[in-house]
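Reading through the C-alpha cells given below for one structure.
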Amino acid sequence: MQNPTLALQIQTLPDGPGVYQYYDKDGKILYVGKAKNLKKRVSSYFNKIHDTAKTNVLVKKIVTIKHIVVPTETDALLLENNLIKTLQPRYNVLLRDDKSYPWLCIKKEPFARIFATRRMVKDGSEYFGPYTSFKTVNTILELIKELYPLRTCNYDLSKSNIESGKFKVCLEYHIGNCKGPCEGYESLENYQKQVDAIREILKGNFKESMKDFKRVMMELAQDMHFEEAQKIKEKIEVLENYQSRSTIVNPKITNIDVFSIVSDESAGYVNFLQISHGSIIRSHTMEIKKKLEETDAELLELAIIELRERFQLLSREVIVPFPVDLGENLKVTVPQLGDKKQILDLSVRNAKFYRIEQLKQLQIVDPDRHTNRIMAQMKKDLRLSFEPRHIECFDNSNIQGTNPVAACVVFKDGKPSKKDYRHFNIKTVVGPDDFASMTEVVYRRYKRLLDENQSLPQLIIIDGGKGQLSAALKSIDDLGLRGKIAIIGIAKRLEELFYPGDSVPLYLDKKSETLKVIQQLRNEAHRFGITHHRDQRSKAALNSSIESIPGIGEKTMLSLIQHFKSVKRLKLATEKEISDVIGVSKAKKIVDFYKMVTE
C-alpha cells in the first residue's frame with residue numbers, strides 16, 4: 001500500500017518539465033530522473049507493477065521525493081546529467097568511462113609552446129581534445145614537429161628578456177628543430193603564423209597548411225632554391241600521409257557529430273564520431289550500464305550530453321539513428337540514405353565491435369561470470385524456474401521418406417557438450433511420420449537416463465512447432481516427467497517459441513543472447529542429424545547395390561566401401577582399379593554385373 005505522505009507529495013508535484021530525486025528512509029539518494037511532466041512521470045512509478053524486479057524494489061524503498069522545476073526539457077536533461085555525476089545514485093545508469101584523457105595545449109604566452117597534458121588550467125590557454133589515447137597525441141605532436149620548428153624550452157620569452165640577452169640558443173636550434181626566438185632570431189609575427197596553422201590542423205583543417213607549403217615550395221623552386229623546395233615537398237607529403245589516415249567523408253559534411261548505440265540486456269554501447277572538413281578526426285566508444293531497463297533513446301540522450309560536455313563539442317548538428325530530444329539549439333538529423341547514412345552505419349559498426357570486444361574480454365577474464373550472466377538471462381527470457389545449465393535439443397532428419405533418424409544435442413553451461421550427443425535410428429515407426437518419430441526418440445532418451453540414474457536436463461528444446469511439441473510431451477507424460485523438465489518447441493521462423501498448453505507463441509528479441517544460444521543449439525542438432533542421415537543413406541545405397549552382386553561377400557563389400565566411398569564411383573571405376581583392391585576374379589564379376597544392369 002502506498003505511503004499517505006508519499007501520495008501527498010505526488011499530488012503536489014507540478015505538471016511542467018523538471019528533475020525528480022527519490023530518497024530512502026535514511027535520506028540516501030536512490031534515483032535521479034528527468035521529465036516533460038513531473039507529476040505524470042513520477043505517478044507512473046507508483047500506479048502499476050513494473051516488469052523488472054529492480055524497479056519494483058526501487059519503488060518500495062522511496063520515502064521522499066524532491067524536485068527541481070526548469071524551463072525546458074533540455075535544461076532538465078543537462079541538470080539530470082550533472083546530478084547523476086555529482087550524487088552517484090544507486091539506481092541510475094553507470095557511465096563506465098570516467099578516465100582522465102590527454103589534451104593538446106597551446107599555451108597562452110609569447111612564442112606559445114604546444115604540448116600534451118592531462119590537466120586543464122584555466123589561464124586563457126587553448127585546449128584541443130580530449131584524445132582517447134596518448135598514441136594519437138604523440139602522432140599529432142610528431143606531425144607538428146616535422147612541419148613547424150617550434151620551441152620546446154619553458155623560458156619566459158617576453159620582449160624585455162629577449163632584448164636583454166638573458167637566454168642562449170640550445171641544441172634544438174643547432175640541429176634545426178627551433179629557429180631561436182630566445183635570442184631574437186625569429187620574429188613573434190612569424191612564429192604566430194605557425195601557431196595559427198597548427199591550430200587549424202588540430203581542428204581538422206589541413207587545406208590552409210597545404211596551400212601555404214605549396215606556395216612556398218613553388219617560390220623556392222622558381223628562385224632555384226631546389227634543396228629548400230625539396231624539404232617543403234617532404235613536409236607536404238607528411239601532411240598528405242597523415243590526412244589520408246583519417247577516414248575521408250564527403251568534404252561538404254563538416255563540423256558534425258555522429259552518435260549511435262547498440263545495446264543488450266545489461267548495457268548500451270555508444271559510439272561517437274567527430275567530423276571536421278570532410279574527415280573523421282575523433283572516434284570514441286563508451287559503455288553505459290543499465291540499471292532500470294532504460295531505453296536506447298534515454299541512454300543515447302544521456303551519452304550525447306555527457307560526450308559533448310567532456311569533449312567540449314561546439315557543432316550545431318548531430319547525426320543519430322532515431323529522433324532524440326536535445327533542445328532547440330541543436331539540429332538533429334536521422335539520415336535514411338546518402339553520405340550521412342553511410343557515416344552513421346560506420347558509427348554503428350564501431351559500437352557493435354566495441355560490444356563484441358567487451359564481451360570477449362569478459363569471457364576470457366572471467367568465464368564463470370560470462371556463463372552466469374547468460375544463464376540468468378536465459379532463465380528470465382524463457383520464463384523458467386531454474387537456470388538452464390543442461391539443455392537438450394531434438395531434431396528429426398527424414399529426407400524423401402528414407403532412413404528416418406533423429407539427433408539429440410546437449411549444451412552444458414551454454415556450450416556444446418559433444419561427448420553427450422546421441423544419434424537415434426527410428427525403430428518403431430514405419431514410413432515418414434515425424435510426430436511418431438519424435439515421441440519414440442524422446443521416450444527412449446529419457447527412459448535410458450532414468451534407468452541409468454543419470455542427471456536430467458533443465459530444458460528440452462524440440463525443433464518444430466505445436467505438433468512436434470505435443471508428440472514429445474506424450475513421452476514426457478508417460479515417463480512422469482511433466483513439471484520436472486521445462487520443454488519448448490521452436491517453429492521454423494526461429495523467433496517463435498511454443499510452450500505446452502499455450503497457443504500464443506513467445507517472441508524473443510532478435511538481438512538477445514538467449515536467441516543466439518537457441519539458434520546455435522538448433523543448428524547443431526540439424527547439422528548432427530543430417531550428417532548421420534547421409535551416412536545411413538550412403539550405407540544403405542551401397543549395401544543394397546553390392547549385396548545383390550553374386551559371389552561378393554561382406555568383407556569384399558567393406559573393402560569397396562572404404563576405397564570408393566560411393567556406388568557411383570564404383571560403377572565408373574575400371575576393372576583394373578577394382579582388381580587392385582579385391583583381385584582379378586571378383587573385379588570381373590562386379591564389372592560384368594554392372595554391364596548387365598545397364599544393358
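Each chain in the C-alpha cells gets a letter, A, B and so on, in the order shown; residues start at 1 in every chain, and ligands are counted from 1 in the order they appear.
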
Show which residues sit within 12 Å of Lys145 of chain A, as a VMD selection string. Count only C-alpha atoms, and ignore same-chain residues fewer than 2 positions away. chain A and resid 113 to 115 138 to 143 147 to 152 172 176 to 178 194 to 195 198 235 238 to 239

Surrounding residues of Asn271 of chain A excluding itself and chain neighbours under 4 positions, 12 Å, only C-alpha atoms, as number ranges by chain: A: 257-263, 282-288, 299-300, 303-304, 307, 319-321, 343-355

Would you export the selected residues with N, CA and C atoms as a tab-separated table (two decimals), in the first residue's frame, please?
```
chain	number	residue	atom	x	y	z
A	257	ASP	N	28.68	16.02	-35.46
A	257	ASP	CA	28.96	14.91	-34.55
A	257	ASP	C	27.98	13.78	-34.85
A	258	VAL	N	28.50	12.55	-34.88
A	258	VAL	CA	27.67	11.37	-35.18
A	258	VAL	C	27.62	10.50	-33.93
A	259	PHE	N	26.41	10.10	-33.53
A	259	PHE	CA	26.25	9.23	-32.36
A	259	PHE	C	25.38	8.03	-32.72
A	260	SER	N	25.78	6.84	-32.26
A	260	SER	CA	24.95	5.65	-32.48
A	260	SER	C	25.01	4.78	-31.24
A	261	ILE	N	24.06	3.84	-31.14
A	261	ILE	CA	24.02	2.97	-29.95
A	261	ILE	C	23.61	1.56	-30.35
A	262	VAL	N	24.27	0.57	-29.75
A	262	VAL	CA	23.77	-0.81	-29.78
A	262	VAL	C	23.66	-1.22	-28.32
A	263	SER	N	22.68	-2.06	-28.02
A	263	SER	CA	22.50	-2.40	-26.61
A	263	SER	C	22.13	-3.86	-26.45
A	282	ARG	N	37.96	12.27	-34.82
A	282	ARG	CA	37.95	11.63	-33.49
A	282	ARG	C	36.86	10.56	-33.45
A	283	SER	N	37.18	9.44	-32.79
A	283	SER	CA	36.19	8.40	-32.56
A	283	SER	C	36.32	7.94	-31.11
A	284	HIS	N	35.20	7.75	-30.47
A	284	HIS	CA	35.23	7.32	-29.08
A	284	HIS	C	34.01	6.45	-28.80
A	285	THR	N	34.19	5.36	-28.06
A	285	THR	CA	33.06	4.49	-27.71
A	285	THR	C	33.02	4.31	-26.20
A	286	MET	N	31.81	4.33	-25.65
A	286	MET	CA	31.67	4.18	-24.21
A	286	MET	C	30.56	3.17	-23.89
A	287	GLU	N	30.69	2.56	-22.72
A	287	GLU	CA	29.68	1.60	-22.25
A	287	GLU	C	28.87	2.26	-21.15
A	288	ILE	N	27.55	2.12	-21.23
A	288	ILE	CA	26.66	2.65	-20.18
A	288	ILE	C	25.89	1.48	-19.58
A	299	LEU	N	19.33	6.28	-23.07
A	299	LEU	CA	20.78	6.10	-22.93
A	299	LEU	C	21.54	7.00	-23.90
A	300	LEU	N	21.03	7.11	-25.13
A	300	LEU	CA	21.73	7.90	-26.14
A	300	LEU	C	21.69	9.39	-25.78
A	303	ALA	N	24.22	9.95	-23.09
A	303	ALA	CA	25.58	9.85	-23.62
A	303	ALA	C	25.96	11.07	-24.44
A	304	ILE	N	25.02	11.58	-25.25
A	304	ILE	CA	25.32	12.75	-26.09
A	304	ILE	C	25.64	13.96	-25.22
A	307	LEU	N	29.12	13.33	-23.61
A	307	LEU	CA	30.25	13.42	-24.55
A	307	LEU	C	30.45	14.84	-25.07
A	319	ILE	N	24.17	13.73	-35.97
A	319	ILE	CA	23.54	12.66	-36.74
A	319	ILE	C	23.29	11.51	-35.79
A	320	VAL	N	22.05	11.00	-35.75
A	320	VAL	CA	21.68	9.92	-34.82
A	320	VAL	C	20.80	8.90	-35.55
A	321	PRO	N	20.66	7.67	-35.00
A	321	PRO	CA	19.86	6.64	-35.70
A	321	PRO	C	18.35	6.80	-35.53
A	343	ILE	N	27.99	7.28	-42.92
A	343	ILE	CA	28.82	7.60	-41.76
A	343	ILE	C	28.14	7.12	-40.47
A	344	LEU	N	26.79	7.15	-40.45
A	344	LEU	CA	26.05	6.63	-39.30
A	344	LEU	C	26.25	5.11	-39.21
A	345	ASP	N	26.20	4.43	-40.36
A	345	ASP	CA	26.42	2.97	-40.39
A	345	ASP	C	27.82	2.62	-39.88
A	346	LEU	N	28.81	3.47	-40.23
A	346	LEU	CA	30.17	3.24	-39.75
A	346	LEU	C	30.22	3.36	-38.22
A	347	SER	N	29.51	4.34	-37.69
A	347	SER	CA	29.46	4.53	-36.24
A	347	SER	C	28.81	3.33	-35.56
A	348	VAL	N	27.71	2.82	-36.14
A	348	VAL	CA	27.02	1.64	-35.58
A	348	VAL	C	27.96	0.44	-35.58
A	349	ARG	N	28.73	0.31	-36.69
A	349	ARG	CA	29.67	-0.82	-36.78
A	349	ARG	C	30.72	-0.74	-35.67
A	350	ASN	N	31.21	0.47	-35.40
A	350	ASN	CA	32.17	0.67	-34.32
A	350	ASN	C	31.59	0.27	-32.97
A	351	ALA	N	30.33	0.67	-32.74
A	351	ALA	CA	29.67	0.35	-31.47
A	351	ALA	C	29.50	-1.17	-31.32
A	352	LYS	N	29.14	-1.85	-32.43
A	352	LYS	CA	28.96	-3.31	-32.39
A	352	LYS	C	30.27	-4.02	-32.07
A	353	PHE	N	31.35	-3.58	-32.74
A	353	PHE	CA	32.65	-4.20	-32.49
A	353	PHE	C	33.10	-3.99	-31.06
A	354	TYR	N	32.84	-2.79	-30.53
A	354	TYR	CA	33.22	-2.48	-29.15
A	354	TYR	C	32.49	-3.42	-28.18
A	355	ARG	N	31.18	-3.62	-28.45
A	355	ARG	CA	30.39	-4.52	-27.59
A	355	ARG	C	30.96	-5.95	-27.64
```

Residues flagged helix (DSSP H, G or I) by DSSP in segment 30-226 of chain A, as a ChimeraX atom specification: /A:38-46,53-61,73-87,134-147,159-163,171-174,181-183,188-202,207-222,226

Residue nearest Lys595 of chain A - candidates A:Val504, A:Ile549, A:Met218, A:Leu87, atoms counted: only C-alpha atoms: A:Ile549

DSSP strand (DSSP E or B) selection over segment 290-368 of chain A, as a compact mmCIF listing (two decimals) with C-alpha atoms, in the first residue's frame:
```txt
# COMPACT_ATOMS: atom_id res chain seq x y z
CA GLU A 317 24.22 19.42 -35.84
CA VAL A 318 24.24 15.80 -34.71
CA ILE A 319 23.54 12.66 -36.74
CA LYS A 331 19.82 20.27 -35.24
CA VAL A 332 19.09 16.52 -35.02
CA THR A 333 19.41 14.58 -38.31
```

In terms of the shortest atom-to-atom distance over only C-alpha atoms, which of A:Arg308, A:Arg444, A:Arg482, A:Lys214 is closest to Gln458 of chain A? A:Arg482

Within 10 Å of Asp156 of chain A using only C-alpha atoms, minus same-chain residues under 2 positions, as a list of chain:residue names: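 Once the adjacent positions are removed, what remains is A:Glu109, A:Pro110, A:Phe111, A:Cys153, A:Asn154, A:Ser158, A:Lys159, A:Ser160, A:Asn161, A:Ile162, A:Lys166, A:Phe167, A:Cys182.
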
Considering only C-alpha atoms, state which residue in the set A:Ile460, A:Lys555, A:Ser187, A:Phe593 is at the smallest distance from Gly483 of chain A.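 Among the listed residues, A:Ile460 lies closest to Gly483 of chain A.
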
Out of A:His225, A:Glu234, A:Pro102, A:His67, which residue has the shortest atom-to-atom distance to Glu146 of chain A when counting only C-alpha atoms?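 Ranking A:His225, A:Glu234, A:Pro102, A:His67 by distance to Glu146 of chain A, first place goes to A:Glu234.
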
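The list of residues with at least one atom within 9 Å of segment 416-421 of chain A, based on only C-alpha atoms and without residues fewer than 3 positions apart in the same chain, reads Glu392, Ala407, Cys408, Val409, Val410, Phe411, Lys412, Asp413, Gln520, Leu521, Glu524, Ala525 and Phe528 of chain A.
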
Pull all heavy atoms from the residues just selected and write them as a short mmCIF file (atom, residue, chain, number, x, y, z; two decimals), in the first residue's frame.
```
data_model
loop_
_atom_site.label_atom_id
_atom_site.label_comp_id
_atom_site.auth_asym_id
_atom_site.auth_seq_id
_atom_site.Cartn_x
_atom_site.Cartn_y
_atom_site.Cartn_z
N GLU A 392 18.89 -29.93 -23.78
CA GLU A 392 18.96 -30.93 -24.84
C GLU A 392 17.98 -30.54 -25.94
O GLU A 392 16.85 -30.09 -25.67
CB GLU A 392 18.62 -32.32 -24.29
CG GLU A 392 19.62 -32.74 -23.22
CD GLU A 392 19.60 -34.22 -22.85
OE1 GLU A 392 18.69 -34.96 -23.27
OE2 GLU A 392 20.52 -34.63 -22.13
N ALA A 407 18.34 -36.73 -33.97
CA ALA A 407 19.56 -36.32 -33.27
C ALA A 407 19.19 -35.63 -31.98
O ALA A 407 18.19 -34.91 -31.90
CB ALA A 407 20.37 -35.38 -34.14
N CYS A 408 20.03 -35.83 -30.97
CA CYS A 408 19.89 -35.12 -29.70
C CYS A 408 21.23 -34.47 -29.40
O CYS A 408 22.25 -35.16 -29.28
CB CYS A 408 19.50 -36.09 -28.59
SG CYS A 408 19.61 -35.36 -26.94
N VAL A 409 21.26 -33.13 -29.34
CA VAL A 409 22.50 -32.44 -28.97
C VAL A 409 22.35 -31.87 -27.56
O VAL A 409 21.25 -31.52 -27.13
CB VAL A 409 22.90 -31.34 -29.98
CG1 VAL A 409 23.13 -31.90 -31.34
CG2 VAL A 409 21.89 -30.23 -30.02
N VAL A 410 23.47 -31.77 -26.87
CA VAL A 410 23.46 -31.38 -25.46
C VAL A 410 24.36 -30.16 -25.25
O VAL A 410 25.51 -30.15 -25.71
CB VAL A 410 23.95 -32.55 -24.57
CG1 VAL A 410 23.94 -32.17 -23.10
CG2 VAL A 410 23.10 -33.80 -24.81
N PHE A 411 23.83 -29.15 -24.57
CA PHE A 411 24.61 -27.96 -24.18
C PHE A 411 24.68 -27.92 -22.66
O PHE A 411 23.67 -28.08 -21.98
CB PHE A 411 23.95 -26.68 -24.69
CG PHE A 411 24.37 -26.27 -26.08
CD1 PHE A 411 24.60 -27.21 -27.07
CD2 PHE A 411 24.53 -24.92 -26.41
CE1 PHE A 411 24.97 -26.84 -28.35
CE2 PHE A 411 24.90 -24.54 -27.69
CZ PHE A 411 25.13 -25.50 -28.66
N LYS A 412 25.89 -27.72 -22.16
CA LYS A 412 26.06 -27.56 -20.72
C LYS A 412 26.72 -26.19 -20.46
O LYS A 412 27.74 -25.89 -21.07
CB LYS A 412 26.89 -28.69 -20.14
CG LYS A 412 26.10 -30.01 -20.14
CD LYS A 412 26.81 -31.16 -19.47
CE LYS A 412 25.89 -32.39 -19.44
NZ LYS A 412 26.61 -33.59 -18.97
N ASP A 413 26.12 -25.39 -19.62
CA ASP A 413 26.58 -24.02 -19.34
C ASP A 413 26.69 -23.19 -20.62
O ASP A 413 27.63 -22.41 -20.80
CB ASP A 413 27.91 -24.03 -18.59
CG ASP A 413 27.75 -24.47 -17.15
OD1 ASP A 413 26.67 -24.24 -16.59
OD2 ASP A 413 28.70 -25.04 -16.59
N GLN A 520 22.06 -21.61 -31.98
CA GLN A 520 23.24 -22.47 -32.03
C GLN A 520 22.86 -23.92 -31.74
O GLN A 520 23.32 -24.84 -32.42
CB GLN A 520 24.26 -21.97 -31.00
CG GLN A 520 25.66 -22.54 -31.21
CD GLN A 520 26.64 -22.14 -30.12
OE1 GLN A 520 26.34 -21.29 -29.27
NE2 GLN A 520 27.79 -22.77 -30.10
N LEU A 521 21.97 -24.12 -30.75
CA LEU A 521 21.50 -25.47 -30.41
C LEU A 521 20.80 -26.10 -31.60
O LEU A 521 21.08 -27.25 -31.97
CB LEU A 521 20.50 -25.38 -29.25
CG LEU A 521 21.03 -25.61 -27.85
CD1 LEU A 521 20.13 -24.95 -26.83
CD2 LEU A 521 21.15 -27.09 -27.54
N GLU A 524 23.19 -26.93 -34.46
CA GLU A 524 23.99 -28.11 -34.10
C GLU A 524 23.17 -29.39 -34.28
O GLU A 524 23.64 -30.38 -34.84
CB GLU A 524 24.45 -28.01 -32.63
CG GLU A 524 25.81 -27.39 -32.43
CD GLU A 524 26.92 -28.25 -33.02
OE1 GLU A 524 27.41 -29.16 -32.33
OE2 GLU A 524 27.31 -28.02 -34.17
N ALA A 525 21.90 -29.37 -33.80
CA ALA A 525 21.04 -30.56 -33.90
C ALA A 525 20.79 -30.89 -35.36
O ALA A 525 20.82 -32.06 -35.77
CB ALA A 525 19.72 -30.30 -33.18
N PHE A 528 24.13 -32.23 -36.93
CA PHE A 528 24.44 -33.56 -36.40
C PHE A 528 23.48 -34.61 -36.97
O PHE A 528 23.90 -35.70 -37.37
CB PHE A 528 24.33 -33.50 -34.87
CG PHE A 528 24.87 -34.70 -34.16
CD1 PHE A 528 26.19 -35.10 -34.31
CD2 PHE A 528 24.06 -35.43 -33.30
CE1 PHE A 528 26.69 -36.20 -33.63
CE2 PHE A 528 24.55 -36.54 -32.62
CZ PHE A 528 25.87 -36.92 -32.78
#
```

Distance of atom CA of Val324 of chain A from atom CA of Lys340 of chain A, expressed in Å to one decimal place: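 Interatomic distance, atom CA of Lys340 of chain A to atom CA of Val324 of chain A: 16.9 Å.
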
Mind checking which residues fall within 10 Å of Ile374 of chain A, counting only C-alpha atoms, ignoring those fewer than 4 positions away in the same chain, and posting them as a list in words?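 Here the answer would be Asp368, Arg369, His370, Met378, Lys379, Lys380, Glu387, Pro388, Arg389, Asp413, Gly414, Ser512, Glu513, Thr514 and Val517 of chain A.
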
Write out as a PDB file with N, CA and C atoms, in the first residue's frame the residues lying within 10 Å of Asp463 of chain A, counting only C-alpha atoms and excluding same-chain residues fewer than 3 positions away.
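Below is the file selection.pdb, written as the result:
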```pdb
ATOM      1  N   CYS A 393      18.431 -30.689 -27.191  1.00  0.00           N
ATOM      2  CA  CYS A 393      17.620 -30.283 -28.343  1.00  0.00           C
ATOM      3  C   CYS A 393      17.479 -31.460 -29.311  1.00  0.00           C
ATOM      4  N   PHE A 394      16.240 -31.720 -29.762  1.00  0.00           N
ATOM      5  CA  PHE A 394      15.961 -32.863 -30.651  1.00  0.00           C
ATOM      6  C   PHE A 394      15.589 -32.375 -32.047  1.00  0.00           C
ATOM      7  N   ASP A 395      16.072 -33.121 -33.063  1.00  0.00           N
ATOM      8  CA  ASP A 395      15.745 -32.784 -34.455  1.00  0.00           C
ATOM      9  C   ASP A 395      15.578 -34.077 -35.246  1.00  0.00           C
ATOM     10  N   ASN A 396      14.498 -34.158 -36.047  1.00  0.00           N
ATOM     11  CA  ASN A 396      14.280 -35.316 -36.934  1.00  0.00           C
ATOM     12  C   ASN A 396      14.886 -35.064 -38.299  1.00  0.00           C
ATOM     13  N   MET A 438       9.347 -38.421 -33.183  1.00  0.00           N
ATOM     14  CA  MET A 438       9.720 -37.575 -32.050  1.00  0.00           C
ATOM     15  C   MET A 438       9.296 -38.218 -30.734  1.00  0.00           C
ATOM     16  N   ILE A 460      14.300 -28.885 -22.353  1.00  0.00           N
ATOM     17  CA  ILE A 460      14.306 -29.653 -23.608  1.00  0.00           C
ATOM     18  C   ILE A 460      13.764 -28.733 -24.696  1.00  0.00           C
ATOM     19  N   GLN A 468       5.043 -31.081 -33.129  1.00  0.00           N
ATOM     20  CA  GLN A 468       6.230 -31.785 -32.622  1.00  0.00           C
ATOM     21  C   GLN A 468       6.290 -31.699 -31.098  1.00  0.00           C
ATOM     22  N   LEU A 469       5.931 -30.537 -30.560  1.00  0.00           N
ATOM     23  CA  LEU A 469       5.953 -30.362 -29.099  1.00  0.00           C
ATOM     24  C   LEU A 469       4.962 -31.309 -28.430  1.00  0.00           C
ATOM     25  N   ILE A 488      10.077 -26.757 -24.565  1.00  0.00           N
ATOM     26  CA  ILE A 488       9.526 -25.769 -25.502  1.00  0.00           C
ATOM     27  C   ILE A 488       9.796 -26.214 -26.939  1.00  0.00           C
ATOM     28  N   GLY A 489       8.960 -25.753 -27.859  1.00  0.00           N
ATOM     29  CA  GLY A 489       9.145 -26.045 -29.283  1.00  0.00           C
ATOM     30  C   GLY A 489       9.521 -24.777 -30.030  1.00  0.00           C
ATOM     31  N   ILE A 490      10.393 -24.914 -31.040  1.00  0.00           N
ATOM     32  CA  ILE A 490      10.778 -23.752 -31.853  1.00  0.00           C
ATOM     33  C   ILE A 490      10.194 -23.930 -33.242  1.00  0.00           C
ATOM     34  N   ALA A 491       9.362 -22.975 -33.659  1.00  0.00           N
ATOM     35  CA  ALA A 491       8.813 -23.013 -35.017  1.00  0.00           C
ATOM     36  C   ALA A 491       9.910 -22.641 -36.003  1.00  0.00           C
ATOM     37  N   LYS A 492       9.659 -22.906 -37.275  1.00  0.00           N
ATOM     38  CA  LYS A 492      10.687 -22.722 -38.303  1.00  0.00           C
ATOM     39  C   LYS A 492      11.211 -21.287 -38.373  1.00  0.00           C
ATOM     40  N   LEU A 494      12.047 -19.435 -36.097  1.00  0.00           N
ATOM     41  CA  LEU A 494      13.052 -19.244 -35.027  1.00  0.00           C
ATOM     42  C   LEU A 494      12.681 -18.276 -33.914  1.00  0.00           C
ATOM     43  N   LEU A 497       8.546 -19.278 -30.022  1.00  0.00           N
ATOM     44  CA  LEU A 497       8.749 -20.358 -29.056  1.00  0.00           C
ATOM     45  C   LEU A 497       7.389 -20.787 -28.524  1.00  0.00           C
ATOM     46  N   LEU A 521      21.975 -24.119 -30.745  1.00  0.00           N
ATOM     47  CA  LEU A 521      21.504 -25.466 -30.415  1.00  0.00           C
ATOM     48  C   LEU A 521      20.799 -26.103 -31.603  1.00  0.00           C
ATOM     49  N   ARG A 522      19.898 -25.329 -32.208  1.00  0.00           N
ATOM     50  CA  ARG A 522      19.128 -25.882 -33.315  1.00  0.00           C
ATOM     51  C   ARG A 522      20.006 -26.180 -34.520  1.00  0.00           C
ATOM     52  N   ASN A 523      20.945 -25.290 -34.814  1.00  0.00           N
ATOM     53  CA  ASN A 523      21.869 -25.524 -35.937  1.00  0.00           C
ATOM     54  C   ASN A 523      22.713 -26.762 -35.701  1.00  0.00           C
ATOM     55  N   ALA A 525      21.905 -29.372 -33.796  1.00  0.00           N
ATOM     56  CA  ALA A 525      21.040 -30.559 -33.900  1.00  0.00           C
ATOM     57  C   ALA A 525      20.790 -30.891 -35.363  1.00  0.00           C
ATOM     58  N   HIS A 526      20.576 -29.857 -36.162  1.00  0.00           N
ATOM     59  CA  HIS A 526      20.318 -30.052 -37.594  1.00  0.00           C
ATOM     60  C   HIS A 526      21.544 -30.636 -38.284  1.00  0.00           C
TER      61      HIS A 526
END
```

Out of A:Arg569, A:Lys474, A:Lys415, A:Arg448, which residue has the shortest atom-to-atom distance to Lys516 of chain A when counting only C-alpha atoms? A:Lys415
